[in-house]
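Quick look at query_15.cif (mmCIF, N, CA and C atoms):
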data_start
loop_
_atom_site.label_atom_id
_atom_site.label_comp_id
_atom_site.auth_asym_id
_atom_site.auth_seq_id
_atom_site.Cartn_x
_atom_site.Cartn_y
_atom_site.Cartn_z
N MET L 6 37.24 -6.39 31.68
CA MET L 6 36.16 -5.57 31.17
C MET L 6 34.89 -5.98 31.92
N CYS L 7 34.07 -5.00 32.32
CA CYS L 7 32.87 -5.31 33.08
C CYS L 7 31.77 -5.88 32.18
N ARG L 8 30.83 -6.56 32.81
CA ARG L 8 29.75 -7.23 32.07
C ARG L 8 28.92 -6.26 31.24
N SER L 9 28.60 -5.07 31.78
CA SER L 9 27.77 -4.10 31.04
C SER L 9 28.49 -3.59 29.79
N SER L 10 29.82 -3.46 29.85
CA SER L 10 30.57 -3.04 28.67
C SER L 10 30.53 -4.11 27.60
N LEU L 11 30.68 -5.37 28.00
CA LEU L 11 30.60 -6.47 27.04
C LEU L 11 29.22 -6.53 26.38
N PHE L 12 28.17 -6.31 27.17
CA PHE L 12 26.81 -6.32 26.64
C PHE L 12 26.64 -5.19 25.63
N ALA L 13 27.13 -4.01 25.93
CA ALA L 13 27.02 -2.86 25.03
C ALA L 13 27.76 -3.13 23.72
N ILE L 14 28.94 -3.72 23.80
CA ILE L 14 29.71 -4.04 22.59
C ILE L 14 28.96 -5.09 21.77
N ALA L 15 28.40 -6.09 22.42
CA ALA L 15 27.64 -7.13 21.71
C ALA L 15 26.44 -6.53 20.99
N LEU L 16 25.76 -5.59 21.61
CA LEU L 16 24.63 -4.93 20.95
C LEU L 16 25.07 -4.14 19.73
N MET L 17 26.18 -3.41 19.84
CA MET L 17 26.65 -2.62 18.71
C MET L 17 27.04 -3.52 17.54
N VAL L 18 27.65 -4.65 17.82
CA VAL L 18 28.06 -5.56 16.77
C VAL L 18 26.85 -6.25 16.14
N ALA L 19 25.86 -6.62 16.94
CA ALA L 19 24.69 -7.36 16.45
C ALA L 19 23.71 -6.48 15.69
N THR L 20 23.58 -5.23 16.03
CA THR L 20 22.56 -4.36 15.45
C THR L 20 22.62 -4.27 13.93
N PRO L 21 23.76 -4.10 13.28
CA PRO L 21 23.77 -4.00 11.83
C PRO L 21 23.27 -5.25 11.12
N ALA L 22 23.21 -6.38 11.79
CA ALA L 22 22.74 -7.61 11.17
C ALA L 22 21.25 -7.58 10.87
N PHE L 23 20.52 -6.68 11.50
CA PHE L 23 19.09 -6.59 11.29
C PHE L 23 18.79 -5.45 10.34
N GLY L 24 18.33 -5.77 9.11
CA GLY L 24 17.93 -4.74 8.17
C GLY L 24 16.58 -4.19 8.58
N ALA L 25 16.30 -2.97 8.16
CA ALA L 25 15.02 -2.37 8.51
C ALA L 25 14.49 -1.58 7.34
N GLY L 26 13.19 -1.68 7.13
CA GLY L 26 12.54 -0.82 6.16
C GLY L 26 12.34 0.54 6.78
N HIS L 27 12.20 1.53 5.97
CA HIS L 27 11.95 2.87 6.47
C HIS L 27 11.01 3.55 5.48
N LEU L 28 9.82 3.86 5.95
CA LEU L 28 8.78 4.41 5.09
C LEU L 28 8.78 5.93 5.13
N VAL L 29 8.67 6.53 3.95
CA VAL L 29 8.57 7.98 3.81
C VAL L 29 7.28 8.26 3.04
N VAL L 30 6.49 9.21 3.54
CA VAL L 30 5.26 9.62 2.88
C VAL L 30 5.58 10.87 2.06
N GLU L 31 5.38 10.78 0.75
CA GLU L 31 5.71 11.89 -0.15
C GLU L 31 4.44 12.46 -0.78
N SER L 32 4.39 13.78 -0.93
CA SER L 32 3.34 14.48 -1.68
C SER L 32 1.93 14.13 -1.24
N GLY L 33 1.69 14.08 0.06
CA GLY L 33 0.36 13.77 0.57
C GLY L 33 -0.62 14.91 0.33
N TRP L 34 -1.83 14.55 -0.14
CA TRP L 34 -2.86 15.58 -0.32
C TRP L 34 -4.25 14.98 -0.21
N ILE L 35 -5.19 15.84 0.11
CA ILE L 35 -6.61 15.51 0.20
C ILE L 35 -7.34 16.53 -0.66
N ARG L 36 -8.19 16.06 -1.57
CA ARG L 36 -8.94 16.99 -2.42
C ARG L 36 -9.84 17.87 -1.54
N THR L 37 -9.86 19.17 -1.83
CA THR L 37 -10.69 20.11 -1.09
C THR L 37 -12.15 19.62 -1.12
N PRO L 38 -12.73 19.39 0.05
CA PRO L 38 -14.09 18.81 0.07
C PRO L 38 -15.18 19.87 -0.04
N PRO L 39 -16.34 19.47 -0.55
CA PRO L 39 -17.49 20.36 -0.48
C PRO L 39 -17.99 20.41 0.96
N PRO L 40 -18.72 21.46 1.34
CA PRO L 40 -19.23 21.54 2.72
C PRO L 40 -20.08 20.31 3.07
N GLY L 41 -19.88 19.80 4.28
CA GLY L 41 -20.67 18.70 4.78
C GLY L 41 -20.27 17.31 4.29
N ALA L 42 -19.21 17.22 3.49
CA ALA L 42 -18.78 15.90 2.98
C ALA L 42 -18.40 14.99 4.14
N MET L 43 -18.87 13.76 4.10
CA MET L 43 -18.59 12.80 5.17
C MET L 43 -17.61 11.70 4.75
N MET L 44 -17.24 11.71 3.47
CA MET L 44 -16.30 10.73 2.95
C MET L 44 -15.34 11.45 2.00
N LEU L 45 -14.05 11.35 2.28
CA LEU L 45 -13.03 12.00 1.46
C LEU L 45 -11.98 10.97 1.07
N ALA L 46 -11.09 11.37 0.19
CA ALA L 46 -9.98 10.49 -0.20
C ALA L 46 -8.67 11.24 -0.05
N GLY L 47 -7.66 10.53 0.41
CA GLY L 47 -6.32 11.06 0.52
C GLY L 47 -5.39 10.32 -0.42
N TYR L 48 -4.38 11.03 -0.89
CA TYR L 48 -3.45 10.48 -1.86
C TYR L 48 -2.03 10.80 -1.44
N ALA L 49 -1.10 9.94 -1.79
CA ALA L 49 0.32 10.14 -1.48
C ALA L 49 1.12 9.06 -2.17
N THR L 50 2.43 9.20 -2.11
CA THR L 50 3.33 8.14 -2.53
C THR L 50 4.04 7.64 -1.29
N LEU L 51 4.02 6.32 -1.09
CA LEU L 51 4.74 5.69 0.02
C LEU L 51 6.03 5.13 -0.53
N HIS L 52 7.15 5.60 0.01
CA HIS L 52 8.48 5.25 -0.49
C HIS L 52 9.24 4.53 0.62
N ASN L 53 9.69 3.32 0.31
CA ASN L 53 10.50 2.56 1.25
C ASN L 53 11.97 2.88 0.96
N VAL L 54 12.58 3.66 1.84
CA VAL L 54 13.98 4.04 1.66
C VAL L 54 14.91 3.13 2.47
N GLY L 55 14.35 2.07 3.07
CA GLY L 55 15.14 1.14 3.87
C GLY L 55 15.69 0.00 3.04
N ASP L 56 16.25 -0.98 3.75
CA ASP L 56 16.88 -2.12 3.07
C ASP L 56 16.11 -3.43 3.26
N SER L 57 14.88 -3.34 3.77
CA SER L 57 14.01 -4.51 3.84
C SER L 57 12.57 -4.07 3.60
N ALA L 58 11.72 -5.01 3.28
CA ALA L 58 10.32 -4.69 2.95
C ALA L 58 9.60 -4.05 4.14
N VAL L 59 8.66 -3.18 3.81
CA VAL L 59 7.76 -2.59 4.79
C VAL L 59 6.36 -3.08 4.41
N VAL L 60 5.60 -3.53 5.40
CA VAL L 60 4.23 -3.97 5.16
C VAL L 60 3.28 -2.98 5.84
N VAL L 61 2.55 -2.22 5.02
CA VAL L 61 1.58 -1.25 5.53
C VAL L 61 0.30 -2.01 5.84
N THR L 62 -0.19 -1.86 7.06
CA THR L 62 -1.39 -2.59 7.49
C THR L 62 -2.62 -1.70 7.64
N GLY L 63 -2.44 -0.39 7.63
CA GLY L 63 -3.58 0.51 7.79
C GLY L 63 -3.13 1.94 8.01
N ALA L 64 -4.11 2.75 8.45
CA ALA L 64 -3.83 4.15 8.72
C ALA L 64 -4.87 4.68 9.70
N GLU L 65 -4.55 5.80 10.34
CA GLU L 65 -5.50 6.44 11.26
C GLU L 65 -5.16 7.92 11.38
N SER L 66 -6.15 8.69 11.81
CA SER L 66 -5.95 10.12 12.00
C SER L 66 -6.95 10.62 13.02
N ALA L 67 -6.51 11.49 13.90
CA ALA L 67 -7.40 12.10 14.89
C ALA L 67 -8.45 12.99 14.21
N ASP L 68 -8.22 13.37 12.95
CA ASP L 68 -9.14 14.26 12.24
C ASP L 68 -10.29 13.53 11.55
N PHE L 69 -10.31 12.19 11.62
CA PHE L 69 -11.35 11.40 10.96
C PHE L 69 -11.84 10.28 11.88
N GLY L 70 -13.10 9.89 11.69
CA GLY L 70 -13.65 8.76 12.44
C GLY L 70 -12.91 7.48 12.11
N SER L 71 -12.55 7.31 10.84
CA SER L 71 -11.76 6.15 10.44
C SER L 71 -11.01 6.45 9.16
N VAL L 72 -9.91 5.74 8.99
CA VAL L 72 -9.09 5.83 7.77
C VAL L 72 -8.81 4.40 7.35
N SER L 73 -9.02 4.10 6.08
CA SER L 73 -8.72 2.77 5.58
C SER L 73 -8.09 2.86 4.20
N LEU L 74 -7.47 1.78 3.78
CA LEU L 74 -6.82 1.72 2.48
C LEU L 74 -7.77 1.07 1.49
N HIS L 75 -8.02 1.74 0.38
CA HIS L 75 -8.95 1.24 -0.64
C HIS L 75 -8.33 1.33 -2.02
N GLN L 76 -8.99 0.69 -2.96
CA GLN L 76 -8.60 0.77 -4.37
C GLN L 76 -9.86 0.85 -5.21
N SER L 77 -9.84 1.72 -6.22
CA SER L 77 -10.93 1.79 -7.19
C SER L 77 -10.68 0.73 -8.25
N VAL L 78 -11.72 -0.05 -8.57
CA VAL L 78 -11.61 -1.09 -9.59
C VAL L 78 -12.82 -1.01 -10.52
N GLN L 79 -12.60 -1.35 -11.78
CA GLN L 79 -13.68 -1.40 -12.77
C GLN L 79 -14.22 -2.82 -12.84
N LYS L 80 -15.54 -2.96 -12.75
CA LYS L 80 -16.17 -4.27 -12.91
C LYS L 80 -17.45 -4.07 -13.69
N ASP L 81 -17.52 -4.72 -14.85
CA ASP L 81 -18.68 -4.60 -15.74
C ASP L 81 -18.98 -3.15 -16.08
N GLY L 82 -17.94 -2.36 -16.30
CA GLY L 82 -18.10 -0.97 -16.68
C GLY L 82 -18.46 -0.02 -15.56
N VAL L 83 -18.51 -0.51 -14.34
CA VAL L 83 -18.86 0.31 -13.19
C VAL L 83 -17.67 0.34 -12.22
N GLU L 84 -17.35 1.54 -11.74
CA GLU L 84 -16.25 1.67 -10.79
C GLU L 84 -16.74 1.36 -9.38
N HIS L 85 -15.98 0.51 -8.68
CA HIS L 85 -16.28 0.13 -7.30
C HIS L 85 -15.04 0.39 -6.46
N MET L 86 -15.24 0.51 -5.16
CA MET L 86 -14.12 0.60 -4.24
C MET L 86 -14.05 -0.70 -3.45
N GLN L 87 -12.84 -1.18 -3.28
CA GLN L 87 -12.65 -2.36 -2.45
C GLN L 87 -11.50 -2.11 -1.49
N ALA L 88 -11.64 -2.68 -0.30
CA ALA L 88 -10.61 -2.53 0.71
C ALA L 88 -9.35 -3.25 0.27
N LEU L 89 -8.21 -2.63 0.53
CA LEU L 89 -6.92 -3.28 0.28
C LEU L 89 -6.54 -4.05 1.53
N GLY L 90 -5.88 -5.14 1.36
CA GLY L 90 -5.29 -5.83 2.50
C GLY L 90 -3.97 -5.14 2.82
N ASP L 91 -3.07 -5.88 3.39
CA ASP L 91 -1.74 -5.35 3.66
C ASP L 91 -1.07 -4.97 2.34
N VAL L 92 -0.28 -3.90 2.37
CA VAL L 92 0.45 -3.45 1.18
C VAL L 92 1.95 -3.60 1.47
N SER L 93 2.60 -4.49 0.74
CA SER L 93 4.03 -4.73 0.92
C SER L 93 4.81 -3.83 -0.04
N ILE L 94 5.81 -3.14 0.51
CA ILE L 94 6.63 -2.22 -0.28
C ILE L 94 8.08 -2.67 -0.17
N LYS L 95 8.66 -3.08 -1.30
CA LYS L 95 10.03 -3.57 -1.34
C LYS L 95 11.02 -2.42 -1.10
N PRO L 96 12.25 -2.75 -0.71
CA PRO L 96 13.27 -1.71 -0.55
C PRO L 96 13.43 -0.90 -1.83
N GLY L 97 13.41 0.41 -1.71
CA GLY L 97 13.57 1.30 -2.86
C GLY L 97 12.29 1.53 -3.64
N GLU L 98 11.25 0.76 -3.38
CA GLU L 98 10.00 0.86 -4.16
C GLU L 98 9.12 2.02 -3.66
N ARG L 99 8.37 2.58 -4.62
CA ARG L 99 7.35 3.59 -4.34
C ARG L 99 5.99 3.02 -4.73
N ILE L 100 5.01 3.16 -3.87
CA ILE L 100 3.63 2.78 -4.15
C ILE L 100 2.82 4.07 -4.15
N THR L 101 2.11 4.32 -5.26
CA THR L 101 1.36 5.55 -5.40
C THR L 101 -0.11 5.35 -5.09
N PHE L 102 -0.64 6.22 -4.27
CA PHE L 102 -2.07 6.31 -3.98
C PHE L 102 -2.54 7.57 -4.70
N ALA L 103 -3.38 7.40 -5.74
CA ALA L 103 -3.78 8.50 -6.61
C ALA L 103 -5.24 8.35 -7.03
N PRO L 104 -5.86 9.44 -7.51
CA PRO L 104 -7.24 9.33 -7.97
C PRO L 104 -7.42 8.18 -8.96
N ASN L 105 -8.56 7.51 -8.88
CA ASN L 105 -8.91 6.37 -9.73
C ASN L 105 -8.06 5.13 -9.49
N GLY L 106 -7.40 5.05 -8.35
CA GLY L 106 -6.57 3.90 -8.01
C GLY L 106 -6.58 3.69 -6.51
N ARG L 107 -5.43 3.38 -5.96
CA ARG L 107 -5.32 3.23 -4.51
C ARG L 107 -5.56 4.59 -3.86
N HIS L 108 -6.18 4.58 -2.69
CA HIS L 108 -6.39 5.83 -1.95
C HIS L 108 -6.64 5.52 -0.47
N PHE L 109 -6.50 6.56 0.33
CA PHE L 109 -6.84 6.48 1.74
C PHE L 109 -8.29 6.94 1.86
N MET L 110 -9.17 6.06 2.31
CA MET L 110 -10.58 6.40 2.49
C MET L 110 -10.70 7.09 3.85
N LEU L 111 -11.10 8.34 3.83
CA LEU L 111 -11.17 9.17 5.03
C LEU L 111 -12.64 9.38 5.38
N MET L 112 -13.10 8.72 6.42
CA MET L 112 -14.51 8.74 6.79
C MET L 112 -14.77 9.65 7.99
N GLN L 113 -15.92 10.30 7.95
CA GLN L 113 -16.42 11.13 9.05
C GLN L 113 -15.41 12.16 9.55
N PRO L 114 -15.11 13.16 8.71
CA PRO L 114 -14.20 14.22 9.18
C PRO L 114 -14.74 14.86 10.46
N LYS L 115 -13.86 15.14 11.38
CA LYS L 115 -14.27 15.71 12.67
C LYS L 115 -14.36 17.22 12.63
N LYS L 116 -14.00 17.81 11.47
CA LYS L 116 -14.12 19.26 11.29
C LYS L 116 -14.15 19.53 9.79
N GLU L 117 -14.58 20.72 9.42
CA GLU L 117 -14.54 21.13 8.01
C GLU L 117 -13.08 21.39 7.63
N LEU L 118 -12.65 20.82 6.54
CA LEU L 118 -11.28 21.02 6.08
C LEU L 118 -11.25 22.16 5.06
N ARG L 119 -10.25 23.02 5.20
CA ARG L 119 -10.09 24.17 4.31
C ARG L 119 -8.86 23.99 3.43
N SER L 120 -8.91 24.61 2.27
CA SER L 120 -7.79 24.57 1.34
C SER L 120 -6.51 25.03 2.03
N ASP L 121 -5.42 24.37 1.76
CA ASP L 121 -4.08 24.63 2.30
C ASP L 121 -3.88 24.17 3.75
N GLU L 122 -4.90 23.58 4.34
CA GLU L 122 -4.76 23.05 5.69
C GLU L 122 -3.94 21.77 5.64
N SER L 123 -3.15 21.51 6.68
CA SER L 123 -2.35 20.29 6.77
C SER L 123 -3.01 19.32 7.73
N VAL L 124 -3.09 18.05 7.32
CA VAL L 124 -3.74 17.01 8.12
C VAL L 124 -2.75 15.87 8.32
N PRO L 125 -2.42 15.51 9.57
CA PRO L 125 -1.54 14.37 9.81
C PRO L 125 -2.31 13.06 9.72
N ILE L 126 -1.73 12.09 9.02
CA ILE L 126 -2.29 10.75 8.95
C ILE L 126 -1.17 9.78 9.30
N GLN L 127 -1.43 8.92 10.27
CA GLN L 127 -0.44 7.93 10.69
C GLN L 127 -0.61 6.67 9.86
N ILE L 128 0.46 6.26 9.20
CA ILE L 128 0.50 5.04 8.40
C ILE L 128 1.04 3.94 9.32
N THR L 129 0.26 2.88 9.50
CA THR L 129 0.68 1.81 10.41
C THR L 129 1.33 0.67 9.62
N THR L 130 2.32 0.06 10.25
CA THR L 130 3.06 -1.02 9.60
C THR L 130 3.05 -2.27 10.48
N LYS L 131 3.33 -3.38 9.84
CA LYS L 131 3.32 -4.68 10.52
C LYS L 131 4.31 -4.72 11.68
N LEU L 132 5.47 -4.08 11.52
CA LEU L 132 6.48 -4.10 12.57
C LEU L 132 6.30 -2.99 13.61
N GLY L 133 5.28 -2.13 13.41
CA GLY L 133 5.02 -1.08 14.38
C GLY L 133 5.90 0.14 14.23
N ASP L 134 6.67 0.23 13.13
CA ASP L 134 7.49 1.42 12.90
C ASP L 134 6.68 2.42 12.07
N ASP L 135 5.56 2.84 12.67
CA ASP L 135 4.60 3.71 11.99
C ASP L 135 5.23 5.06 11.65
N VAL L 136 4.62 5.72 10.67
CA VAL L 136 5.11 7.02 10.24
C VAL L 136 3.91 7.95 10.05
N ILE L 137 4.11 9.22 10.35
CA ILE L 137 3.05 10.21 10.16
C ILE L 137 3.35 10.99 8.89
N GLY L 138 2.37 10.99 8.00
CA GLY L 138 2.48 11.76 6.77
C GLY L 138 1.62 13.01 6.89
N ILE L 139 2.06 14.08 6.29
CA ILE L 139 1.29 15.32 6.28
C ILE L 139 0.59 15.42 4.93
N PHE L 140 -0.73 15.53 4.96
CA PHE L 140 -1.57 15.62 3.78
C PHE L 140 -2.13 17.03 3.71
N VAL L 141 -1.89 17.73 2.60
CA VAL L 141 -2.34 19.10 2.43
C VAL L 141 -3.66 19.10 1.67
N VAL L 142 -4.63 19.86 2.15
CA VAL L 142 -5.92 19.97 1.49
C VAL L 142 -5.74 20.89 0.27
N SER L 143 -6.12 20.36 -0.90
CA SER L 143 -5.84 21.07 -2.15
C SER L 143 -6.80 20.62 -3.25
N ASP L 144 -6.93 21.44 -4.29
CA ASP L 144 -7.77 21.06 -5.43
C ASP L 144 -7.07 20.05 -6.35
N GLY L 145 -5.79 19.82 -6.15
CA GLY L 145 -5.05 18.86 -6.97
C GLY L 145 -3.76 18.49 -6.30
N PRO L 146 -3.01 17.56 -6.90
CA PRO L 146 -1.75 17.12 -6.29
C PRO L 146 -0.74 18.26 -6.21
N PRO L 147 0.18 18.15 -5.25
CA PRO L 147 1.23 19.16 -5.13
C PRO L 147 2.08 19.23 -6.40
N LYS L 148 2.54 20.41 -6.73
CA LYS L 148 3.42 20.59 -7.88
C LYS L 148 4.81 20.07 -7.53
N PRO L 149 5.46 19.36 -8.49
CA PRO L 149 6.81 18.83 -8.18
C PRO L 149 7.83 19.93 -8.01
#
What's the C-alpha cells form of this structure?
Amino acid sequence: MCRSSLFAIALMVATPAFGAGHLVVESGWIRTPPPGAMMLAGYATLHNVGDSAVVVTGAESADFGSVSLHQSVQKDGVEHMQALGDVSIKPGERITFAPNGRHFMLMQPKKELRSDESVPIQITTKLGDDVIGIFVVSDGPPKP
C-alpha cells in the first residue's frame, strides 16, 4: 500500500476522535428602529447541536460599525448594560438573547433598516468555526 493511502486511512480513523461543537442561530431578529437610530439590539437563540462546548467570543456584521455581546442588569433599581465576556454553550444547550437580558449590541448602522429586511450577523467562536445568523427586522420576535 502506498504512503498516501496509509495517510488517508489514518486521517479517517483519527477524525472521529475529535468532537466538535456546532452552533446554530435560531429566530434571529432586530427590533424595527426609529429613523436615525445609532444603537440597536439584536436577539436570537444560540443552539449548540454538536457534541462539545462552543465558546462564543463576539460578533460582527458589515451592516454595523460594531457588534458586541451585552446583558441588561438591574442595579439599585436602575437598568444598566454590561459587556458579556465569552459565552460557553454546552452540547445540546440553548442560550437565549432576548429583550431585558442578553442581546447583541448593534452600533452605528451603515444604512436605515426596514421592517422585514434580513441582516447577516457573524457569530465568532474561540475555535474559529464561526456561523452567520440571519436576523430579520421586525416589531417583535418571530412567531414559532
### Task
Given the file shown, enumerate the residues that the PyMOL selection byres ((chain L and resi 97) around 7) captures and present them as a PyMOL selection string.
chain L and resi 52-57+94-96+98-99
### Message
Can you tell me which residues surround stretch 74-89 of chain L at a distance of at most 8 Å, considering only C-alpha atoms, apart from same-chain residues fewer than 5 positions away, and format the answer as a list of chain:residue names?
### Response
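Listed by chain and then number, they are L:Gly63, L:Ala64, L:Asn105, L:Gly106, L:Arg107, L:His108, L:Phe109, L:Met110.
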#### Entry: Picked from chain L by DSSP as helix (DSSP H, G or I), as a PyMOL selection string
chain L and resi 8-22
Requested write-out: N, CA and C atoms of the selected residues, as an mmCIF file, in the frame of the given file:
data_model
loop_
_atom_site.group_PDB
_atom_site.id
_atom_site.type_symbol
_atom_site.label_atom_id
_atom_site.label_comp_id
_atom_site.auth_asym_id
_atom_site.auth_seq_id
_atom_site.Cartn_x
_atom_site.Cartn_y
_atom_site.Cartn_z
ATOM 1 N N ARG L 8 30.830 -6.560 32.810
ATOM 2 C CA ARG L 8 29.750 -7.230 32.070
ATOM 3 C C ARG L 8 28.920 -6.260 31.240
ATOM 4 N N SER L 9 28.600 -5.070 31.780
ATOM 5 C CA SER L 9 27.770 -4.100 31.040
ATOM 6 C C SER L 9 28.490 -3.590 29.790
ATOM 7 N N SER L 10 29.820 -3.460 29.850
ATOM 8 C CA SER L 10 30.570 -3.040 28.670
ATOM 9 C C SER L 10 30.530 -4.110 27.600
ATOM 10 N N LEU L 11 30.680 -5.370 28.000
ATOM 11 C CA LEU L 11 30.600 -6.470 27.040
ATOM 12 C C LEU L 11 29.220 -6.530 26.380
ATOM 13 N N PHE L 12 28.170 -6.310 27.170
ATOM 14 C CA PHE L 12 26.810 -6.320 26.640
ATOM 15 C C PHE L 12 26.640 -5.190 25.630
ATOM 16 N N ALA L 13 27.130 -4.010 25.930
ATOM 17 C CA ALA L 13 27.020 -2.860 25.030
ATOM 18 C C ALA L 13 27.760 -3.130 23.720
ATOM 19 N N ILE L 14 28.940 -3.720 23.800
ATOM 20 C CA ILE L 14 29.710 -4.040 22.590
ATOM 21 C C ILE L 14 28.960 -5.090 21.770
ATOM 22 N N ALA L 15 28.400 -6.090 22.420
ATOM 23 C CA ALA L 15 27.640 -7.130 21.710
ATOM 24 C C ALA L 15 26.440 -6.530 20.990
ATOM 25 N N LEU L 16 25.760 -5.590 21.610
ATOM 26 C CA LEU L 16 24.630 -4.930 20.950
ATOM 27 C C LEU L 16 25.070 -4.140 19.730
ATOM 28 N N MET L 17 26.180 -3.410 19.840
ATOM 29 C CA MET L 17 26.650 -2.620 18.710
ATOM 30 C C MET L 17 27.040 -3.520 17.540
ATOM 31 N N VAL L 18 27.650 -4.650 17.820
ATOM 32 C CA VAL L 18 28.060 -5.560 16.770
ATOM 33 C C VAL L 18 26.850 -6.250 16.140
ATOM 34 N N ALA L 19 25.860 -6.620 16.940
ATOM 35 C CA ALA L 19 24.690 -7.360 16.450
ATOM 36 C C ALA L 19 23.710 -6.480 15.690
ATOM 37 N N THR L 20 23.580 -5.230 16.030
ATOM 38 C CA THR L 20 22.560 -4.360 15.450
ATOM 39 C C THR L 20 22.620 -4.270 13.930
ATOM 40 N N PRO L 21 23.760 -4.100 13.280
ATOM 41 C CA PRO L 21 23.770 -4.000 11.830
ATOM 42 C C PRO L 21 23.270 -5.250 11.120
ATOM 43 N N ALA L 22 23.210 -6.380 11.790
ATOM 44 C CA ALA L 22 22.740 -7.610 11.170
ATOM 45 C C ALA L 22 21.250 -7.580 10.870
#
### Message
From the options L:Ser71, L:Thr101, L:Thr129, L:Ser120, which residue's atoms come nearest to L:Asp144, counting only N, CA and C atoms?
### Response
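Nearest to L:Asp144: L:Ser120.
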### Task
Rounded to one decimal place, report the atom CA of L:Ser93-atom N of L:Ala49 distance in Å.
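Going from atom CA of L:Ser93 over to atom N of L:Ala49 covers 15.8 Å.
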### Query
Near L:Val142, within 6 Å and counting only N, CA and C atoms, which residues show up once chain neighbours fewer than 3 positions away are dropped, as a VMD selection string?
chain L and resid 34 to 37 119 to 124
### Query
Can you tell me how far atom N of L:Val59 sits from atom CA of L:Gly138, in Å to one decimal?
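For atom N of L:Val59 relative to atom CA of L:Gly138, the distance reads 16.4 Å.
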### Interatomic distance (Å, one decimal) between atom C of L:Gly70 and atom CA of L:Phe102
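Rounded to one decimal, the two atoms are 19.4 Å apart.
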### Query
Looking at only C-alpha atoms, which of L:Gly133, L:Pro104, L:Gly47, L:Pro40 is the one that sits closest to L:Leu28?
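Among the listed residues, L:Gly133 lies closest to L:Leu28.
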